[in-house]
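Asks: My structure is in structure.pdb, and what it holds is PDB, C-alpha atoms:
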ATOM      1  CA  MET A 176      -8.182  14.914   6.428
ATOM      2  CA  SER A 177      -7.581  18.247   4.728
ATOM      3  CA  SER A 178      -9.320  19.300   1.521
ATOM      4  CA  ALA A 179      -6.079  18.829  -0.479
ATOM      5  CA  GLN A 180      -6.290  16.663  -3.576
ATOM      6  CA  PRO A 181      -5.953  13.010  -2.511
ATOM      7  CA  ARG A 182      -3.002  11.050  -3.787
ATOM      8  CA  GLY A 183      -4.261   8.199  -5.929
ATOM      9  CA  PRO A 184      -2.908   4.974  -7.406
ATOM     10  CA  VAL A 185       0.263   4.579  -9.432
ATOM     11  CA  ASP A 186      -0.388   5.515 -13.078
ATOM     12  CA  SER A 187      -0.658   2.238 -15.005
ATOM     13  CA  SER A 188       0.332   4.009 -18.235
ATOM     14  CA  GLN A 189       3.705   4.733 -16.641
ATOM     15  CA  VAL A 190       4.275   1.632 -14.487
ATOM     16  CA  PRO A 191       2.830  -1.749 -15.553
ATOM     17  CA  ARG A 192       0.228  -3.144 -13.177
ATOM     18  CA  TYR A 193       2.353  -6.184 -12.419
ATOM     19  CA  ALA A 194       5.310  -4.054 -11.288
ATOM     20  CA  GLY A 195       5.979  -2.222  -8.052
ATOM     21  CA  PRO A 196       4.820  -2.720  -4.454
ATOM     22  CA  ALA A 197       1.552  -4.598  -4.002
ATOM     23  CA  THR A 198      -0.436  -2.083  -1.998
ATOM     24  CA  PHE A 199      -4.217  -2.275  -2.283
ATOM     25  CA  ALA A 200      -5.223  -0.953  -5.729
ATOM     26  CA  ARG A 201      -1.620   0.360  -6.061
ATOM     27  CA  LEU A 202      -2.481   3.166  -3.665
ATOM     28  CA  PRO A 203       0.093   4.996  -1.537
ATOM     29  CA  ARG A 204       1.111   3.653   1.847
ATOM     30  CA  LEU A 205      -0.287   5.440   4.861
ATOM     31  CA  ASP A 206       3.168   6.675   5.867
ATOM     32  CA  GLU A 207       3.523   8.305   2.437
ATOM     33  CA  VAL A 208       0.437  10.502   2.844
ATOM     34  CA  GLY A 209       0.445  11.041   6.608
ATOM     35  CA  ALA A 210      -3.287  10.501   7.137
ATOM     36  CA  ALA A 211      -6.174   8.857   5.326
ATOM     37  CA  ASP A 212      -9.942   9.016   5.135
ATOM     38  CA  VAL A 213     -10.064   5.269   4.499
ATOM     39  CA  ALA A 214      -7.242   3.035   5.734
ATOM     40  CA  VAL A 215      -6.937  -0.356   4.068
ATOM     41  CA  VAL A 216      -5.341  -2.623   6.649
ATOM     42  CA  GLY A 217      -4.488  -6.305   6.678
ATOM     43  CA  VAL A 218      -4.792  -8.727   9.589
ATOM     44  CA  PRO A 219      -2.768 -11.884   8.780
ATOM     45  CA  PHE A 220      -4.348 -14.106  11.415
ATOM     46  CA  ASP A 221      -6.114 -17.468  11.089
ATOM     47  CA  THR A 222      -5.650 -19.197  14.436
ATOM     48  CA  GLY A 223      -9.427 -19.119  14.974
ATOM     49  CA  VAL A 224     -10.354 -21.367  12.043
ATOM     50  CA  SER A 225     -12.176 -24.655  12.532
ATOM     51  CA  TYR A 226     -11.330 -26.391   9.249
ATOM     52  CA  ARG A 227      -8.857 -25.357   6.509
ATOM     53  CA  PRO A 228      -6.178 -22.838   7.547
ATOM     54  CA  GLY A 229      -4.447 -20.296   5.306
ATOM     55  CA  ALA A 230      -6.455 -17.066   5.631
ATOM     56  CA  ARG A 231      -3.410 -15.446   7.266
ATOM     57  CA  PHE A 232      -2.197 -15.047   3.688
ATOM     58  CA  GLY A 233      -5.480 -13.593   2.459
ATOM     59  CA  GLY A 234      -4.702  -9.908   2.809
ATOM     60  CA  ASN A 235      -1.658 -10.025   0.580
ATOM     61  CA  ALA A 236      -3.468 -12.207  -1.959
ATOM     62  CA  ILE A 237      -6.216  -9.579  -2.145
ATOM     63  CA  ARG A 238      -3.620  -6.847  -2.575
ATOM     64  CA  GLU A 239      -1.986  -8.739  -5.448
ATOM     65  CA  ALA A 240      -5.350  -9.290  -7.156
ATOM     66  CA  SER A 241      -6.253  -5.613  -6.673
ATOM     67  CA  ARG A 242      -3.473  -4.537  -9.065
ATOM     68  CA  LEU A 243      -6.061  -4.675 -11.857
ATOM     69  CA  LEU A 244      -8.546  -2.328 -10.156
ATOM     70  CA  ARG A 245      -8.943   0.960 -11.993
ATOM     71  CA  PRO A 246      -9.635   4.395 -10.495
ATOM     72  CA  TYR A 247     -13.138   4.970 -11.934
ATOM     73  CA  ASN A 248     -16.027   2.827 -10.705
ATOM     74  CA  PRO A 249     -18.762   2.978 -13.362
ATOM     75  CA  ALA A 250     -21.230   0.932 -11.313
ATOM     76  CA  GLN A 251     -21.303   3.713  -8.718
ATOM     77  CA  ASP A 252     -20.342   6.553 -11.120
ATOM     78  CA  ALA A 253     -17.506   7.580  -8.837
ATOM     79  CA  SER A 254     -13.726   7.884  -8.740
ATOM     80  CA  PRO A 255     -13.280   6.897  -5.106
ATOM     81  CA  PHE A 256      -9.577   7.709  -4.883
ATOM     82  CA  GLU A 257     -10.276  11.275  -6.009
ATOM     83  CA  LEU A 258     -13.146  11.725  -3.556
ATOM     84  CA  ALA A 259     -11.190  10.694  -0.457
ATOM     85  CA  GLN A 260      -7.669   9.793   0.539
ATOM     86  CA  VAL A 261      -7.457   6.024   0.603
ATOM     87  CA  ALA A 262      -4.150   4.519   1.696
ATOM     88  CA  ASP A 263      -2.729   1.111   2.541
ATOM     89  CA  ALA A 264      -1.886   0.979   6.243
ATOM     90  CA  GLY A 265       0.003  -2.305   6.056
ATOM     91  CA  ASP A 266      -0.716  -5.168   8.430
ATOM     92  CA  ILE A 267      -1.660  -5.456  12.086
ATOM     93  CA  ALA A 268       0.666  -7.958  13.756
ATOM     94  CA  ALA A 269      -1.282 -10.515  15.778
ATOM     95  CA  ASN A 270       0.095 -13.339  17.930
ATOM     96  CA  PRO A 271      -0.544 -16.589  16.013
ATOM     97  CA  PHE A 272      -0.272 -18.714  19.176
ATOM     98  CA  ASP A 273      -2.625 -16.802  21.510
ATOM     99  CA  ILE A 274      -6.109 -15.871  20.286
ATOM    100  CA  GLY A 275      -6.867 -13.691  23.310
ATOM    101  CA  GLU A 276      -3.726 -11.642  22.862
ATOM    102  CA  ALA A 277      -4.325 -11.410  19.123
ATOM    103  CA  VAL A 278      -7.841 -10.064  19.665
ATOM    104  CA  GLU A 279      -6.466  -7.403  22.016
ATOM    105  CA  SER A 280      -3.742  -6.423  19.529
ATOM    106  CA  VAL A 281      -6.211  -6.049  16.657
ATOM    107  CA  GLN A 282      -8.540  -3.948  18.796
ATOM    108  CA  ALA A 283      -5.725  -1.662  19.954
ATOM    109  CA  ALA A 284      -4.426  -1.132  16.415
ATOM    110  CA  ALA A 285      -7.938  -0.500  15.097
ATOM    111  CA  ASP A 286      -8.532   2.009  17.903
ATOM    112  CA  ASP A 287      -5.375   3.875  16.883
ATOM    113  CA  LEU A 288      -6.340   4.018  13.198
ATOM    114  CA  LEU A 289      -9.919   5.080  13.923
ATOM    115  CA  ALA A 290      -8.663   7.780  16.292
ATOM    116  CA  THR A 291      -7.060   9.509  13.285
ATOM    117  CA  GLY A 292     -10.507   9.943  11.752
ATOM    118  CA  ALA A 293     -10.056   7.145   9.220
ATOM    119  CA  ARG A 294     -12.596   4.487   8.397
ATOM    120  CA  LEU A 295     -11.260   0.956   8.077
ATOM    121  CA  MET A 296     -11.361  -1.394   5.121
ATOM    122  CA  THR A 297      -9.863  -4.495   6.702
ATOM    123  CA  LEU A 298      -8.516  -7.475   4.776
ATOM    124  CA  GLY A 299      -8.438 -10.692   6.800
ATOM    125  CA  GLY A 300      -7.532 -13.067   8.168
ATOM    126  CA  ASP A 301     -10.262 -15.252   9.597
ATOM    127  CA  HIS A 302     -13.582 -14.054  10.948
ATOM    128  CA  THR A 303     -12.378 -13.978  14.557
ATOM    129  CA  ILE A 304     -11.015 -10.499  13.802
ATOM    130  CA  ALA A 305     -14.503  -9.053  13.307
ATOM    131  CA  LEU A 306     -15.028  -8.920  17.076
ATOM    132  CA  PRO A 307     -12.122  -6.612  17.965
ATOM    133  CA  LEU A 308     -12.868  -4.488  14.894
ATOM    134  CA  LEU A 309     -16.481  -4.083  15.998
ATOM    135  CA  ARG A 310     -15.359  -3.207  19.521
ATOM    136  CA  ALA A 311     -13.183  -0.419  18.142
ATOM    137  CA  VAL A 312     -15.883   0.907  15.814
ATOM    138  CA  ALA A 313     -18.531   0.827  18.551
ATOM    139  CA  ARG A 314     -16.222   2.802  20.832
ATOM    140  CA  ARG A 315     -16.486   5.670  18.349
ATOM    141  CA  HIS A 316     -20.061   5.276  17.111
ATOM    142  CA  GLY A 317     -21.927   3.360  19.785
ATOM    143  CA  PRO A 318     -23.725   0.113  18.914
ATOM    144  CA  VAL A 319     -23.691  -0.317  15.129
ATOM    145  CA  ALA A 320     -25.930  -1.973  12.573
ATOM    146  CA  LEU A 321     -24.325  -5.108  11.153
ATOM    147  CA  LEU A 322     -24.688  -6.530   7.676
ATOM    148  CA  HIS A 323     -22.975  -9.905   7.647
ATOM    149  CA  PHE A 324     -22.376 -11.763   4.365
ATOM    150  CA  ASP A 325     -21.497 -15.384   5.053
ATOM    151  CA  ALA A 326     -22.423 -18.986   4.357
ATOM    152  CA  HIS A 327     -22.525 -19.440   8.134
ATOM    153  CA  LEU A 328     -24.193 -17.712  11.066
ATOM    154  CA  ASP A 329     -21.027 -17.189  13.146
ATOM    155  CA  THR A 330     -23.202 -16.873  16.243
ATOM    156  CA  TRP A 331     -22.227 -20.174  17.832
ATOM    157  CA  ASP A 332     -21.271 -20.162  21.501
ATOM    158  CA  THR A 333     -17.992 -22.109  21.629
ATOM    159  CA  TYR A 334     -15.825 -24.569  19.719
ATOM    160  CA  PHE A 335     -13.993 -27.109  21.906
ATOM    161  CA  GLY A 336     -14.767 -24.789  24.812
ATOM    162  CA  ALA A 337     -13.131 -21.796  23.106
ATOM    163  CA  ALA A 338     -15.218 -18.626  23.164
ATOM    164  CA  TYR A 339     -13.189 -16.710  20.571
ATOM    165  CA  THR A 340     -13.095 -18.389  17.151
ATOM    166  CA  HIS A 341     -14.176 -17.568  13.613
ATOM    167  CA  GLY A 342     -17.582 -19.111  14.335
ATOM    168  CA  THR A 343     -18.406 -17.041  17.432
ATOM    169  CA  PRO A 344     -17.647 -13.316  16.874
ATOM    170  CA  PHE A 345     -21.180 -12.068  16.492
ATOM    171  CA  ARG A 346     -22.571 -13.871  19.546
ATOM    172  CA  ARG A 347     -19.795 -12.236  21.584
ATOM    173  CA  ALA A 348     -20.564  -8.862  19.971
ATOM    174  CA  VAL A 349     -24.264  -9.136  20.900
ATOM    175  CA  GLU A 350     -23.357 -10.171  24.455
ATOM    176  CA  GLU A 351     -21.036  -7.164  24.753
ATOM    177  CA  GLY A 352     -23.726  -4.731  23.611
ATOM    178  CA  ILE A 353     -21.717  -3.356  20.679
ATOM    179  CA  LEU A 354     -24.330  -4.189  18.022
ATOM    180  CA  ASP A 355     -27.658  -2.462  17.416
ATOM    181  CA  THR A 356     -29.894  -5.521  17.722
ATOM    182  CA  SER A 357     -32.701  -3.815  15.806
ATOM    183  CA  ALA A 358     -30.571  -3.822  12.648
ATOM    184  CA  LEU A 359     -28.720  -7.131  12.304
ATOM    185  CA  SER A 360     -28.785  -9.164   9.103
ATOM    186  CA  HIS A 361     -27.105 -12.249   7.700
ATOM    187  CA  VAL A 362     -27.009 -12.568   3.903
ATOM    188  CA  GLY A 363     -26.106 -15.674   1.926
ATOM    189  CA  THR A 364     -26.385 -18.292   4.676
ATOM    190  CA  ARG A 365     -26.903 -21.897   3.653
ATOM    191  CA  GLY A 366     -25.844 -25.454   4.345
ATOM    192  CA  PRO A 367     -26.275 -27.865   7.262
ATOM    193  CA  LEU A 368     -26.330 -26.755  10.899
ATOM    194  CA  TYR A 369     -25.767 -28.559  14.179
ATOM    195  CA  GLY A 370     -29.468 -28.308  15.006
ATOM    196  CA  ARG A 371     -32.597 -26.137  14.927
ATOM    197  CA  LYS A 372     -31.359 -24.447  18.087
ATOM    198  CA  ASP A 373     -28.702 -22.654  16.023
ATOM    199  CA  LEU A 374     -31.443 -20.755  14.199
ATOM    200  CA  ASP A 375     -33.497 -20.196  17.350
ATOM    201  CA  ASP A 376     -30.530 -18.723  19.234
ATOM    202  CA  ASP A 377     -29.650 -16.555  16.258
ATOM    203  CA  ALA A 378     -33.176 -15.150  16.075
ATOM    204  CA  LYS A 379     -33.159 -14.381  19.806
ATOM    205  CA  MET A 380     -30.069 -12.235  19.259
ATOM    206  CA  GLY A 381     -32.036 -10.145  16.761
ATOM    207  CA  PHE A 382     -30.638 -11.363  13.445
ATOM    208  CA  GLY A 383     -32.700 -11.461  10.306
ATOM    209  CA  ILE A 384     -31.649 -13.951   7.646
ATOM    210  CA  VAL A 385     -31.585 -13.669   3.865
ATOM    211  CA  THR A 386     -30.406 -17.053   2.627
ATOM    212  CA  SER A 387     -28.625 -17.581  -0.675
ATOM    213  CA  ALA A 388     -31.826 -19.236  -1.924
ATOM    214  CA  ASP A 389     -33.772 -16.086  -0.960
ATOM    215  CA  VAL A 390     -31.452 -14.008  -3.127
ATOM    216  CA  MET A 391     -31.983 -16.397  -6.030
ATOM    217  CA  ARG A 392     -35.781 -16.481  -5.688
ATOM    218  CA  ARG A 393     -36.474 -12.859  -4.745
ATOM    219  CA  GLY A 394     -33.742 -11.130  -6.694
ATOM    220  CA  VAL A 395     -31.126  -8.577  -5.763
ATOM    221  CA  ASP A 396     -33.326  -5.467  -5.944
ATOM    222  CA  GLU A 397     -35.904  -6.764  -3.467
ATOM    223  CA  VAL A 398     -33.198  -7.970  -1.079
ATOM    224  CA  VAL A 399     -31.413  -4.606  -1.249
ATOM    225  CA  GLN A 400     -34.618  -2.738  -0.446
ATOM    226  CA  GLN A 401     -35.225  -4.949   2.595
ATOM    227  CA  LEU A 402     -31.678  -4.424   3.846
ATOM    228  CA  ARG A 403     -31.767  -0.654   3.330
ATOM    229  CA  GLU A 404     -35.001  -0.414   5.313
ATOM    230  CA  ARG A 405     -33.581  -2.506   8.153
ATOM    231  CA  ILE A 406     -30.362  -0.478   8.313
ATOM    232  CA  GLY A 407     -31.949   2.962   8.024
ATOM    233  CA  ASP A 408     -29.554   5.783   8.860
ATOM    234  CA  ARG A 409     -27.737   3.908  11.638
ATOM    235  CA  PRO A 410     -23.940   3.638  11.640
ATOM    236  CA  LEU A 411     -23.309   0.480   9.621
ATOM    237  CA  TYR A 412     -20.532  -2.100   9.700
ATOM    238  CA  VAL A 413     -20.331  -4.593   6.831
ATOM    239  CA  SER A 414     -18.502  -7.889   7.318
ATOM    240  CA  VAL A 415     -17.957 -10.103   4.275
ATOM    241  CA  ASP A 416     -16.800 -13.690   4.640
ATOM    242  CA  ILE A 417     -15.788 -14.608   1.105
ATOM    243  CA  ASP A 418     -17.396 -18.029   1.579
ATOM    244  CA  VAL A 419     -20.727 -16.263   1.061
ATOM    245  CA  LEU A 420     -19.875 -16.915  -2.581
ATOM    246  CA  ASP A 421     -20.409 -20.318  -4.111
ATOM    247  CA  PRO A 422     -17.192 -22.365  -4.294
ATOM    248  CA  ALA A 423     -17.356 -21.911  -8.068
ATOM    249  CA  HIS A 424     -16.728 -18.198  -7.443
ATOM    250  CA  ALA A 425     -14.560 -18.529  -4.324
ATOM    251  CA  PRO A 426     -12.778 -21.870  -4.015
ATOM    252  CA  GLY A 427     -10.004 -20.343  -1.919
ATOM    253  CA  THR A 428     -11.625 -20.329   1.494
ATOM    254  CA  GLY A 429     -11.553 -22.423   4.634
ATOM    255  CA  THR A 430     -15.138 -23.679   4.986
ATOM    256  CA  PRO A 431     -16.788 -23.800   1.532
ATOM    257  CA  GLU A 432     -20.506 -24.551   1.190
ATOM    258  CA  ALA A 433     -22.336 -25.413  -2.029
ATOM    259  CA  GLY A 434     -25.181 -23.231  -3.270
ATOM    260  CA  GLY A 435     -23.784 -19.758  -2.618
ATOM    261  CA  LEU A 436     -24.106 -16.337  -4.177
ATOM    262  CA  THR A 437     -22.441 -15.437  -7.429
ATOM    263  CA  SER A 438     -19.830 -12.698  -7.344
ATOM    264  CA  ARG A 439     -22.204 -10.580  -9.449
ATOM    265  CA  GLU A 440     -24.984 -10.924  -6.861
ATOM    266  CA  LEU A 441     -22.670  -9.972  -4.009
ATOM    267  CA  LEU A 442     -21.320  -6.900  -5.795
ATOM    268  CA  GLU A 443     -24.790  -5.733  -6.817
ATOM    269  CA  ILE A 444     -26.103  -6.034  -3.258
ATOM    270  CA  LEU A 445     -23.138  -4.028  -1.970
ATOM    271  CA  ARG A 446     -23.673  -1.339  -4.602
ATOM    272  CA  GLY A 447     -27.268  -1.099  -3.437
ATOM    273  CA  LEU A 448     -26.036   0.084  -0.031
ATOM    274  CA  ALA A 449     -24.842   3.405  -1.474
ATOM    275  CA  GLY A 450     -25.926   6.262   0.751
ATOM    276  CA  ARG A 451     -26.059   4.203   3.941
ATOM    277  CA  HIS A 452     -23.800   5.356   6.799
ATOM    278  CA  LEU A 453     -20.990   2.824   6.287
ATOM    279  CA  VAL A 454     -18.422   3.453   9.021
ATOM    280  CA  SER A 455     -16.036   0.529   8.361
ATOM    281  CA  ALA A 456     -15.959  -2.918   6.772
ATOM    282  CA  ASP A 457     -13.980  -6.115   6.422
ATOM    283  CA  VAL A 458     -13.438  -8.885   3.876
ATOM    284  CA  VAL A 459     -12.186 -12.106   5.454
ATOM    285  CA  GLU A 460     -11.484 -15.823   5.006
ATOM    286  CA  VAL A 461      -9.593 -15.687   1.699
ATOM    287  CA  ALA A 462      -7.253 -18.695   1.810
ATOM    288  CA  PRO A 463      -5.051 -18.490  -1.300
ATOM    289  CA  ALA A 464      -3.598 -21.995  -0.987
ATOM    290  CA  TYR A 465      -6.992 -23.318  -2.142
ATOM    291  CA  ASP A 466      -7.513 -20.662  -4.814
ATOM    292  CA  HIS A 467      -7.266 -21.161  -8.565
ATOM    293  CA  ALA A 468      -6.157 -18.418 -10.972
ATOM    294  CA  GLU A 469      -6.832 -15.852  -8.210
ATOM    295  CA  ILE A 470     -10.601 -16.374  -8.579
ATOM    296  CA  THR A 471     -11.268 -15.821  -4.883
ATOM    297  CA  ALA A 472      -8.767 -12.999  -4.435
ATOM    298  CA  VAL A 473     -10.145 -11.140  -7.457
ATOM    299  CA  ALA A 474     -13.686 -11.396  -6.068
ATOM    300  CA  ALA A 475     -12.456 -10.180  -2.685
ATOM    301  CA  SER A 476     -10.555  -7.249  -4.191
ATOM    302  CA  HIS A 477     -13.660  -6.083  -6.062
ATOM    303  CA  THR A 478     -15.719  -6.504  -2.900
ATOM    304  CA  ALA A 479     -13.320  -4.248  -0.988
ATOM    305  CA  TYR A 480     -13.332  -1.785  -3.901
ATOM    306  CA  GLU A 481     -17.131  -1.433  -3.831
ATOM    307  CA  LEU A 482     -17.145  -0.955  -0.058
ATOM    308  CA  THR A 483     -14.345   1.613  -0.294
ATOM    309  CA  THR A 484     -16.259   3.485  -2.996
ATOM    310  CA  ILE A 485     -19.336   3.732  -0.778
ATOM    311  CA  MET A 486     -17.249   5.160   2.055
ATOM    312  CA  ALA A 487     -15.403   7.594  -0.222
ATOM    313  CA  ARG A 488     -18.650   8.897  -1.719
ATOM    314  CA  GLN A 489     -20.098   9.493   1.714
ATOM    315  CA  ILE A 490     -16.947  11.208   2.968
ATOM    316  CA  SER A 491     -16.934  13.501  -0.046
ATOM    317  CA  ALA A 492     -20.625  14.330   0.346
ATOM    318  CA  THR A 493     -20.168  15.469   3.945
ATOM    319  CA  ARG A 494     -17.343  17.907   3.205
TER     320      ARG A 494
END
Let me see whether you can do it: turn the structure in this file into structure tokens.
Replies:
Amino acid sequence: MSSAQPRGPVDSSQVPRYAGPATFARLPRLDEVGAADVAVVGVPFDTGVSYRPGARFGGNAIREASRLLRPYNPAQDASPFELAQVADAGDIAANPFDIGEAVESVQAAADDLLATGARLMTLGGDHTIALPLLRAVARRHGPVALLHFDAHLDTWDTYFGAAYTHGTPFRRAVEEGILDTSALSHVGTRGPLYGRKDLDDDAKMGFGIVTSADVMRRGVDEVVQQLRERIGDRPLYVSVDIDVLDPAHAPGTGTPEAGGLTSRELLEILRGLAGRHLVSADVVEVAPAYDHAEITAVAASHTAYELTTIMARQISATR
């Protein structure tokens, strides 16, 4: 991107927040600005889910909820849309009947966006899409550190013999060598598993685990310090399954688990990552059919906003 002043959101003093196109945070479309430092892109795909469907509608639900986001982020003391050009790149079309083809399509589209120099803030969609996104990011940066917020491990081998589902992306990513196995962390995991072997296999892949109970007992500041030390200065990818939040904070998701993080805890942990080398991120598994009063979509929109702010601050600092 050039050093020209970025084009920001529509002025809410001129156009009411509930009016006009529902781009993320009411930002310009990518075709309106030509290029972006951070491209917000949707992936309306949920063929990889194992329980409740509907995350294919998540991206647009997040966009609608993001109408209330404002341009100054006091928690990070930054105006992200002034620091970098952030634009809505629309949706990546993915075949809803063929997971393999869909994975290839998402990877190809992500490759094209990353080739422009943009970082990606992806709105899912189910967690299957994390694999092709990680492939594309690793092609540019090499194996990346992964910070994975989720109620579940998502390192299972197969479901019904299928290797590519929303429960398997990070096992595939480890097998493909696109993750830095010295810097892998799950945050917010909880709930029943199929057996002890799930944890043993996960540990063998290199993952560290901070459960939701750990966050409650140890507190956000201690958890953030541990994560920052584990990540170091490596290129970092953050993947947020909205079911990391307790169903009280995110009812609109496909596989809810009791005992999760609060939205405040999630946002504070993300804010604590400021200064890390965040190269791209995703927020997935918002299923609006199960949402109430946009609770889940609002939490997801703020999650994407904090991640975008971190990227914008870093982009600005390197210019």
Asks: So, with all atoms listed in the file as the atoms that count, which of A:Leu445, A:Ala197, A:Val419, A:Ala277 lies closest to Ala240 (chain A)?
Replies: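 The shortest atom-to-atom distance to Ala240 (chain A) comes from A:Ala197.
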Asks: Find, counting all atoms listed in the file, the residue in A:Ser357, A:Trp331, A:Tyr465, A:Gly336 that gets nearest to Lys372 (chain A).
Replies: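 Nearest candidate to Lys372 (chain A) out of A:Ser357, A:Trp331, A:Tyr465, A:Gly336: A:Trp331.
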Asks: Hey, which of A:Asp252, A:Asp408, A:Glu207, A:Asp332 ends up closest to Val454 (chain A)? Count only C-alpha atoms.
Replies: A:Asp408
Asks: Output as JSON the centre and edge lengths (Å, one decimal) of the box along x, y and z of the file that holds every listed atom of region 406-419 of chain A after adding 8 Å on each side.
Replies:
{"center_x": -23.9, "center_y": -6.1, "center_z": 6.4, "size_x": 32.2, "size_y": 39.8, "size_z": 26.6}
Asks: Rounded to one decimal place, report the CA of Glu481 (chain A)-CA of Pro203 (chain A) distance in Å.
Replies: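 Taking CA of Glu481 (chain A) as the start and CA of Pro203 (chain A) as the end point, the length is 18.5 Å.
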Asks: Going by the chain IDs and residue numbers used in this file, which residues fall under the PyMOL selection byres ((chain A and resi 180-192) around 6)? Write them as an MDAnalysis selection string.
Replies: chainID A and resid 179 193:194 201:202 242 256:257 260
Asks: For those residues, write C-alpha atoms to a file as a compact mmCIF listing (two decimals), in the coordinates of the input.
Replies:
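Produced file selection_36.txt, reproduced below:
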# COMPACT_ATOMS: atom_id res chain seq x y z
CA ALA A 179 -6.08 18.83 -0.48
CA TYR A 193 2.35 -6.18 -12.42
CA ALA A 194 5.31 -4.05 -11.29
CA ARG A 201 -1.62 0.36 -6.06
CA LEU A 202 -2.48 3.17 -3.66
CA ARG A 242 -3.47 -4.54 -9.06
CA PHE A 256 -9.58 7.71 -4.88
CA GLU A 257 -10.28 11.28 -6.01
CA GLN A 260 -7.67 9.79 0.54
Asks: Have a look at A:Gly435, A:Ala358, A:Val349, A:Ala326 and name the one nearest to Gln401 (chain A); count only C-alpha atoms.
Replies: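 When distances to Gln401 (chain A) are compared using only C-alpha atoms, the smallest one comes from A:Ala358.
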Asks: List the neighbours of region 449-451 of chain A out to 9 Å using all atoms listed in the file; skip same-chain residues closer than 4 positions along the sequence, and give me the result as a list in words.
Replies: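 Answer for this query is Gln251, Arg403, Ile406, Gly407, Asp408, Arg409, Pro410, Leu411, Leu445, Leu482, Thr484, Ile485, Met486, Arg488 and Gln489 of chain A.
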Asks: Can you tell me which residues surround Val213 (chain A) at a distance of at most 9 Å, considering only C-alpha atoms, apart from same-chain residues fewer than 3 positions away, and format the answer as a list in words?
Replies: Ala210, Ala259, Gln260, Val261, Ala262, Asp263, Gly292, Ala293, Arg294, Leu295, Met296, Ser455, Thr483, Met486 and Ala487 of chain A
Asks: So the first atom is CA of Gly352 (chain A) and the second is CA of Leu368 (chain A); what is the distance between them in Å, to one decimal place?
Replies: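 Taking CA of Gly352 (chain A) and CA of Leu368 (chain A), their separation equals 25.6 Å.
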Asks: Find, counting all atoms listed in the file, the residue in A:Arg446, A:Arg439, A:His361, A:Arg204 that gets nearest to Ala264 (chain A).
Replies: A:Arg204
Asks: Identify which of the residues A:Leu328, A:Ala423, A:Leu441, A:Ala268 lies closest to Phe382 (chain A), counting only C-alpha atoms when measuring atom-to-atom distances.
Replies: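 Ranked by minimum distance to Phe382 (chain A), first place goes to A:Leu328.
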Asks: Find the residues near Val362 (chain A): any atom within 9 Å, counting all atoms listed in the file, skip ones fewer than 5 places away on the same chain, and give them as a ChimeraX atom specification.
Replies: /A:322-326,383-387,390,419
Asks: What does the distance between CA of Val473 (chain A) and CA of Arg365 (chain A) come to in Å, to one decimal place?
Replies: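 One can read the CA of Val473 (chain A) to CA of Arg365 (chain A) distance as 22.8 Å.
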Asks: Report as a PyMOL selection string the residues that result from applying the PyMOL selection byres ((chain A and resi 306) around 12) to the structure here.
Replies: chain A and resi 223+274-275+277-282+285+301-305+307-313+321+329-330+338-354+412+414+456-457
Asks: Taking the file above as input, evaluate the PyMOL selection byres ((chain A and resi 477) around 10) and report the hits as a PDB file with C-alpha atoms, in the coordinates of the input.
Replies:
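And here's result-v1.pdb as it stands now:
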ATOM      1  CA  ALA A 200      -5.223  -0.953  -5.729  1.00  0.00           C
ATOM      2  CA  ILE A 237      -6.216  -9.579  -2.145  1.00  0.00           C
ATOM      3  CA  ALA A 240      -5.350  -9.290  -7.156  1.00  0.00           C
ATOM      4  CA  SER A 241      -6.253  -5.613  -6.673  1.00  0.00           C
ATOM      5  CA  LEU A 243      -6.061  -4.675 -11.857  1.00  0.00           C
ATOM      6  CA  LEU A 244      -8.546  -2.328 -10.156  1.00  0.00           C
ATOM      7  CA  SER A 438     -19.830 -12.698  -7.344  1.00  0.00           C
ATOM      8  CA  LEU A 442     -21.320  -6.900  -5.795  1.00  0.00           C
ATOM      9  CA  ALA A 472      -8.767 -12.999  -4.435  1.00  0.00           C
ATOM     10  CA  VAL A 473     -10.145 -11.140  -7.457  1.00  0.00           C
ATOM     11  CA  ALA A 474     -13.686 -11.396  -6.068  1.00  0.00           C
ATOM     12  CA  ALA A 475     -12.456 -10.180  -2.685  1.00  0.00           C
ATOM     13  CA  SER A 476     -10.555  -7.249  -4.191  1.00  0.00           C
ATOM     14  CA  THR A 478     -15.719  -6.504  -2.900  1.00  0.00           C
ATOM     15  CA  ALA A 479     -13.320  -4.248  -0.988  1.00  0.00           C
ATOM     16  CA  TYR A 480     -13.332  -1.785  -3.901  1.00  0.00           C
ATOM     17  CA  GLU A 481     -17.131  -1.433  -3.831  1.00  0.00           C
ATOM     18  CA  LEU A 482     -17.145  -0.955  -0.058  1.00  0.00           C
ATOM     19  CA  THR A 483     -14.345   1.613  -0.294  1.00  0.00           C
TER      20      THR A 483
END
Asks: What residues have an atom no more than 12 Å from (-7.9, -22.4, -7.3) in the file's own frame, counting only C-alpha atoms, and can you write them as a ChimeraX atom specification?
Replies: /A:422-428,461-473
